[in-house]
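Peer 1: My structure is stored as start34.cif, with mmCIF, C-alpha atoms and all ligand atoms.
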data_target
loop_
_atom_site.label_atom_id
_atom_site.label_comp_id
_atom_site.auth_asym_id
_atom_site.auth_seq_id
_atom_site.Cartn_x
_atom_site.Cartn_y
_atom_site.Cartn_z
CA MET A 28 -8.35 122.03 197.37
CA ASN A 29 -9.79 120.68 194.11
CA ILE A 30 -9.97 116.90 194.04
CA TYR A 31 -10.71 115.02 190.82
CA THR A 32 -11.16 111.26 190.55
CA PHE A 33 -10.75 109.73 187.10
CA GLN A 34 -12.23 106.53 185.80
CA HIS A 35 -9.90 106.39 182.81
CA GLU A 36 -6.11 106.63 182.87
CA ALA A 37 -6.13 108.66 179.63
CA ASP A 38 -8.23 111.39 181.28
CA PHE A 39 -5.96 111.46 184.36
CA ASN A 40 -2.93 111.91 182.10
CA ALA A 41 -4.57 114.45 179.79
CA THR A 42 -5.68 116.59 182.74
CA GLY A 43 -2.25 116.56 184.40
CA ALA A 44 -0.43 117.25 181.15
CA GLY A 45 -2.97 119.94 180.26
CA LEU A 46 -2.34 121.82 183.50
CA ILE A 47 1.41 121.80 182.91
CA ALA A 48 1.02 122.78 179.25
CA SER A 49 -1.31 125.69 180.00
CA LEU A 50 1.15 127.01 182.58
CA LEU A 51 3.91 126.87 179.95
CA HIS A 52 1.67 128.64 177.43
CA THR A 53 1.05 131.57 179.77
CA LYS A 54 4.55 131.49 181.30
CA PRO A 55 7.20 129.93 179.04
CA ARG A 56 9.88 130.52 181.71
CA ALA A 57 7.92 128.59 184.32
CA VAL A 58 9.77 126.83 187.13
CA LEU A 59 8.48 123.27 187.41
CA GLY A 60 8.81 121.15 190.53
CA LEU A 61 8.98 117.56 189.31
CA ALA A 62 8.52 114.17 190.94
CA THR A 63 9.41 110.58 190.19
CA GLY A 64 7.22 107.58 191.11
CA SER A 65 4.79 105.72 188.87
CA SER A 66 1.87 108.19 189.03
CA PRO A 67 3.36 110.96 186.82
CA ILE A 68 4.77 108.64 184.12
CA GLY A 69 1.70 108.76 181.85
CA ILE A 70 1.57 112.55 182.21
CA TYR A 71 5.23 112.83 181.21
CA GLN A 72 4.52 110.55 178.24
CA ARG A 73 1.66 112.78 177.17
CA LEU A 74 3.85 115.90 177.51
CA ILE A 75 6.49 114.25 175.30
CA GLU A 76 3.85 113.64 172.62
CA MET A 77 2.60 117.25 172.89
CA ASN A 78 6.14 118.60 172.75
CA GLN A 79 6.99 116.51 169.69
CA LYS A 80 3.86 117.78 167.93
CA GLY A 81 4.83 121.38 168.75
CA LEU A 82 1.87 121.84 171.11
CA VAL A 83 4.01 122.79 174.11
CA SER A 84 7.59 123.93 174.59
CA PHE A 85 9.93 123.57 177.54
CA ALA A 86 12.74 125.51 175.84
CA LYS A 87 12.67 128.36 178.37
CA ALA A 88 11.44 126.39 181.37
CA SER A 89 13.50 125.09 184.28
CA SER A 90 12.86 122.22 186.67
CA TYR A 91 13.72 121.15 190.19
CA ASN A 92 13.17 117.58 191.30
CA LEU A 93 12.03 116.75 194.78
CA ASP A 94 14.57 114.17 195.76
CA GLU A 95 17.36 111.73 194.96
CA TYR A 96 18.81 108.61 196.56
CA VAL A 97 22.15 108.94 198.31
CA GLY A 98 25.01 106.82 197.06
CA LEU A 99 23.75 105.26 193.82
CA PRO A 100 26.55 105.28 191.23
CA GLU A 101 26.18 107.95 188.53
CA GLY A 102 24.01 106.65 185.69
CA HIS A 103 22.44 103.95 187.90
CA PRO A 104 19.09 103.12 186.23
CA GLU A 105 17.17 103.63 189.49
CA SER A 106 18.62 107.03 190.31
CA TYR A 107 16.02 109.75 190.03
CA ARG A 108 18.27 111.66 187.60
CA SER A 109 18.22 108.61 185.29
CA PHE A 110 14.45 108.29 185.73
CA MET A 111 13.85 111.91 184.75
CA ASN A 112 16.23 111.80 181.80
CA GLU A 113 14.64 108.62 180.51
CA LYS A 114 10.98 109.38 181.22
CA LEU A 115 10.99 113.05 180.21
CA PHE A 116 14.07 115.22 179.71
CA ASN A 117 15.74 113.21 176.89
CA HIS A 118 12.58 113.46 174.77
CA ILE A 119 11.57 117.13 175.10
CA ASP A 120 13.17 120.46 174.22
CA ILE A 121 14.13 121.41 177.78
CA LYS A 122 17.78 122.45 178.14
CA ILE A 123 19.36 119.76 180.31
CA GLU A 124 21.37 122.42 182.17
CA ASN A 125 18.05 123.93 183.29
CA THR A 126 17.00 120.64 184.94
CA HIS A 127 18.00 120.12 188.54
CA VAL A 128 18.05 116.97 190.65
CA PRO A 129 19.90 116.88 194.00
CA ASP A 130 23.30 115.19 193.68
CA GLY A 131 23.16 112.10 195.89
CA ASN A 132 26.87 111.51 195.28
CA ALA A 133 28.10 114.90 196.42
CA ALA A 134 31.20 114.60 198.61
CA ASP A 135 29.60 117.00 201.08
CA LEU A 136 25.88 116.22 201.27
CA GLU A 137 25.12 119.08 203.66
CA ALA A 138 26.71 121.56 201.26
CA GLU A 139 24.70 120.02 198.40
CA CYS A 140 21.46 120.58 200.33
CA GLN A 141 22.40 124.21 201.00
CA LYS A 142 23.30 124.69 197.34
CA TYR A 143 19.93 123.26 196.24
CA ASP A 144 18.05 125.59 198.60
CA ALA A 145 20.07 128.58 197.39
CA MET A 146 19.15 127.74 193.76
CA LEU A 147 15.48 127.38 194.68
CA GLU A 148 15.60 130.67 196.53
CA ALA A 149 17.28 132.46 193.63
CA ASN A 150 15.18 130.96 190.83
CA GLY A 151 11.93 130.16 192.63
CA PRO A 152 9.28 130.12 193.68
CA VAL A 153 8.26 126.98 191.88
CA ASP A 154 5.20 127.75 189.74
CA LEU A 155 3.80 124.23 189.77
CA GLN A 156 4.98 121.47 192.09
CA ILE A 157 4.11 117.90 191.18
CA LEU A 158 3.91 115.47 194.10
CA GLY A 159 3.31 111.80 194.72
CA ILE A 160 2.53 110.35 198.14
CA GLY A 161 4.14 107.45 199.97
CA HIS A 162 2.09 104.77 201.76
CA ASN A 163 3.13 106.41 205.03
CA GLY A 164 2.05 109.89 203.88
CA HIS A 165 5.50 111.12 202.88
CA ILE A 166 5.88 113.81 200.23
CA GLY A 167 9.23 113.97 198.49
CA PHE A 168 11.08 111.84 201.04
CA ASN A 169 9.81 113.78 204.07
CA GLU A 170 9.02 110.81 206.26
CA PRO A 171 6.49 110.96 209.14
CA ASP A 172 8.17 112.14 212.33
CA GLU A 173 7.61 114.18 215.51
CA SER A 174 8.70 117.25 213.58
CA LEU A 175 9.48 118.06 209.96
CA ILE A 176 12.30 119.99 208.29
CA GLY A 177 11.64 123.01 206.09
CA GLY A 178 14.63 123.03 203.74
CA THR A 179 16.47 120.47 201.64
CA HIS A 180 18.08 117.82 203.84
CA VAL A 181 19.42 114.29 204.06
CA VAL A 182 16.87 111.80 205.31
CA LYS A 183 17.07 108.20 206.54
CA LEU A 184 14.47 106.23 204.60
CA GLN A 185 11.92 104.30 206.62
CA GLU A 186 11.77 100.54 206.14
CA LYS A 187 8.23 100.89 204.72
CA THR A 188 9.57 103.21 202.04
CA ARG A 189 12.56 100.99 201.24
CA THR A 190 10.29 97.94 201.03
CA ALA A 191 7.86 99.79 198.70
CA ASN A 192 10.74 100.76 196.42
CA ALA A 193 12.49 97.36 196.56
CA ARG A 194 10.52 96.25 193.49
CA PHE A 195 12.84 98.44 191.39
CA PHE A 196 16.07 96.88 192.78
CA PRO A 197 17.50 93.34 192.70
CA SER A 198 16.88 92.99 196.45
CA LEU A 199 15.90 95.04 199.52
CA ASP A 200 19.58 95.25 200.47
CA ASP A 201 20.26 97.19 197.26
CA VAL A 202 17.75 99.94 198.12
CA PRO A 203 19.62 102.97 199.44
CA THR A 204 19.09 103.79 203.11
CA GLN A 205 19.31 107.55 202.66
CA ALA A 206 18.08 110.23 200.29
CA ILE A 207 18.26 113.97 199.77
CA THR A 208 14.85 115.60 199.74
CA MET A 209 13.40 119.05 199.42
CA GLY A 210 11.81 119.93 202.77
CA VAL A 211 8.14 120.58 203.40
CA GLY A 212 8.83 124.32 203.68
CA SER A 213 10.25 124.42 200.15
CA ILE A 214 7.40 122.27 198.80
CA LEU A 215 4.72 124.50 200.34
CA LYS A 216 6.31 127.63 198.84
CA ALA A 217 5.19 126.53 195.36
CA LYS A 218 2.48 128.72 193.85
CA GLN A 219 0.44 125.69 192.87
CA ILE A 220 0.71 122.02 193.82
CA MET A 221 -0.58 119.05 191.84
CA LEU A 222 -0.77 115.82 193.86
CA LEU A 223 -0.96 112.69 191.70
CA VAL A 224 -2.00 109.36 193.16
CA ARG A 225 -2.83 106.09 191.50
CA GLY A 226 -3.64 102.71 192.99
CA GLU A 227 -6.03 101.24 195.51
CA ASP A 228 -3.15 100.64 197.93
CA LYS A 229 -2.94 104.43 198.42
CA ALA A 230 -6.68 104.95 199.19
CA GLU A 231 -6.26 104.91 203.00
CA ILE A 232 -3.35 107.33 203.04
CA VAL A 233 -5.08 109.66 200.54
CA LYS A 234 -8.09 109.83 202.86
CA ARG A 235 -5.89 110.51 205.91
CA ALA A 236 -3.84 113.15 204.08
CA LEU A 237 -6.76 115.05 202.57
CA THR A 238 -9.39 114.75 205.27
CA GLY A 239 -7.59 113.74 208.47
CA PRO A 240 -5.81 115.89 211.06
CA ILE A 241 -2.87 118.04 209.92
CA THR A 242 0.09 116.36 211.53
CA SER A 243 3.80 115.74 210.99
CA GLN A 244 2.91 112.04 211.30
CA CYS A 245 1.35 112.40 207.84
CA PRO A 246 3.45 115.01 205.97
CA ALA A 247 1.00 115.13 203.04
CA SER A 248 -1.69 116.43 205.43
CA LEU A 249 0.18 119.77 205.37
CA LEU A 250 -1.17 120.22 201.86
CA GLN A 251 -4.49 121.09 203.51
CA CYS A 252 -2.82 124.40 204.51
CA HIS A 253 -1.84 125.34 200.95
CA PRO A 254 -4.19 127.71 199.09
CA ASN A 255 -3.81 126.21 195.61
CA VAL A 256 -3.73 122.41 195.48
CA VAL A 257 -5.21 120.21 192.78
CA VAL A 258 -5.40 116.47 193.42
CA LEU A 259 -5.72 113.93 190.60
CA LEU A 260 -6.71 110.44 191.70
CA ASP A 261 -7.53 107.30 189.84
CA GLN A 262 -10.57 105.35 191.00
CA GLY A 263 -8.55 103.10 193.30
CA ALA A 264 -6.75 105.94 195.08
CA GLY A 265 -9.98 107.94 195.33
CA ARG A 266 -12.07 105.05 196.63
CA LEU A 267 -12.50 106.47 200.15
CA ILE A 268 -12.85 110.16 199.22
O1 LIG B 1 3.71 107.70 192.13
P1 LIG B 1 3.78 106.56 193.11
O2 LIG B 1 4.27 105.31 192.51
O3 LIG B 1 2.52 106.47 193.91
O4 LIG B 1 4.94 106.91 194.10
C1 LIG B 1 5.03 108.04 194.87
C2 LIG B 1 6.43 108.09 195.39
O5 LIG B 1 7.26 108.79 194.52
C3 LIG B 1 7.83 109.89 195.16
O6 LIG B 1 7.13 111.01 194.71
C4 LIG B 1 9.28 109.87 194.77
O7 LIG B 1 9.86 111.04 195.03
C5 LIG B 1 7.63 109.69 196.64
O8 LIG B 1 7.31 110.86 197.29
C6 LIG B 1 6.54 108.67 196.73
O9 LIG B 1 7.01 107.62 197.50
#
Write the structure described by the file as structure tokens, please.

Peer 2:
Amino acid sequence: MNIYTFQHEADFNATGAGLIASLLHTKPRAVLGLATGSSPIGIYQRLIEMNQKGLVSFAKASSYNLDEYVGLPEGHPESYRSFMNEKLFNHIDIKIENTHVPDGNAADLEAECQKYDAMLEANGPVDLQILGIGHNGHIGFNEPDESLIGGTHVVKLQEKTRTANARFFPSLDDVPTQAITMGVGSILKAKQIMLLVRGEDKAEIVKRALTGPITSQCPASLLQCHPNVVVLLDQGAGRLI
């Protein structure tokens, strides 16, 4: 595992964007595993700038997002599809039909999960999976539990997760209680994983995940088992490493 701690936000973003861009240079048809959250936003912004200057192209690439809330109306500003369109897809040359986010409004959520896994199986493995981490150690929305699920599934969000995300909604009651998430098995199948973490409030969980015991009570600790993980931290998140 290669862990880098950055003093300056610009270097964090340039390194993350550079890794994605060099993958696309060597493999234009790369399959990208994408994440929402605040940590990748600057990297997406940088990729938009590079794409608009002709320094990188997504024209042949495809993407699979980690997760989506269940039950938000289509076009809701806080849905992860809206986030991705707004923060990245609408501004680069990726073909929107090659971008995939689980459908949290599917009439049959179980069938939607199976469909997502079948697509990943057919078009994967993911070349580069971007991840954030929750305060409780979740990756995607794989919450700490006695056991974890390998494939895409519907998950009940923990109160800690809903509270952390309440800042994006009018009130806690408006935060969905369920989500669809790729499972840890699918995440760990990626050829390379880039974990992005910013903020002092994540320092404890970063330390537990990267140096503590490997346990389902901290899903991000499973990353210690993966052969090709790069971790980008800002100074706050890397304070205890
Ligand atoms: O990037 P941030 O703001 O630390 O947030 C990370 C969060 O985003 C997600 O990646 C969203 O899918 C979650 O796994 C995690 O809760």

Peer 1: Quote the spacing between atom C6 of ligand LIG 1 (chain B) and atom CA of A:Gly69 in Å to one decimal place.

Peer 2: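 Between atom C6 of ligand LIG 1 (chain B) and atom CA of A:Gly69 the gap is 15.6 Å.
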
Peer 1: Find the distance between atom CA of A:Val58 and atom CA of A:Lys216 and write it in Å to one decimal.

Peer 2: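 Straight-line distance from atom CA of A:Val58 to atom CA of A:Lys216 works out to 12.2 Å.
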
Peer 1: Find the residues around A:Asn92 up to 9 Å (all atoms listed in the file counted), leave out those fewer than 4 positions away in its own chain, and share them as a list of chain:residue names.

Peer 2: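 In the requested format, the answer is A:Leu59, A:Gly60, A:Leu61, A:Ala62, A:Thr63, A:Tyr107, A:Arg108, A:Met111, A:Thr126, A:His127, A:Val128, A:Pro129, A:Gly167, A:Thr208, A:Met209.
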
Peer 1: Any chance you can output those residues with C-alpha atoms as a tab-separated table (two decimals), in the coordinates of the input?

Peer 2:
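Final output, saved to selection.tsv:
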chain	number	residue	atom	x	y	z
A	59	LEU	CA	8.48	123.27	187.41
A	60	GLY	CA	8.81	121.15	190.53
A	61	LEU	CA	8.98	117.56	189.31
A	62	ALA	CA	8.52	114.17	190.94
A	63	THR	CA	9.41	110.58	190.19
A	107	TYR	CA	16.02	109.75	190.03
A	108	ARG	CA	18.27	111.66	187.60
A	111	MET	CA	13.85	111.91	184.75
A	126	THR	CA	17.00	120.64	184.94
A	127	HIS	CA	18.00	120.12	188.54
A	128	VAL	CA	18.05	116.97	190.65
A	129	PRO	CA	19.90	116.88	194.00
A	167	GLY	CA	9.23	113.97	198.49
A	208	THR	CA	14.85	115.60	199.74
A	209	MET	CA	13.40	119.05	199.42

Peer 1: Take atom CA of A:Gly81 and atom CA of A:Thr42 and report the distance between them in Å, one decimal.

Peer 2: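 The value is 18.1 Å.
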
Peer 1: Please give me, as a list of chain:residue names, the residues lying within 6 Å of ligand LIG 1 (chain B) when counting all atoms listed in the file.

Peer 2: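 Within the 6 Å cut-off, the matching residues are A:Ala62, A:Thr63, A:Gly64, A:Ser65, A:Ser66, A:Asp94, A:Leu158, A:Gly159, A:Ile160, A:Gly161, A:His165, A:Ile166, A:Gly167, A:Phe168, A:Val224, A:Arg225.
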
Peer 1: Find the axis-aligned box for stretch 139-142 of chain A, covering all its listed atoms and adding 4 Å on each side, and write its centre and edge lengths in Å to one decimal as JSON.

Peer 2:
{"center_x": 23.1, "center_y": 122.4, "center_z": 199.2, "size_x": 11.2, "size_y": 12.7, "size_z": 11.7}

Peer 1: When distances are computed from only C-alpha atoms, which of A:His35, A:Ile68, A:Phe110, A:Ile121 shows the smallest separation from A:Val83?

Peer 2: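 Among the listed residues, the smallest separation from A:Val83 belongs to A:Ile121.
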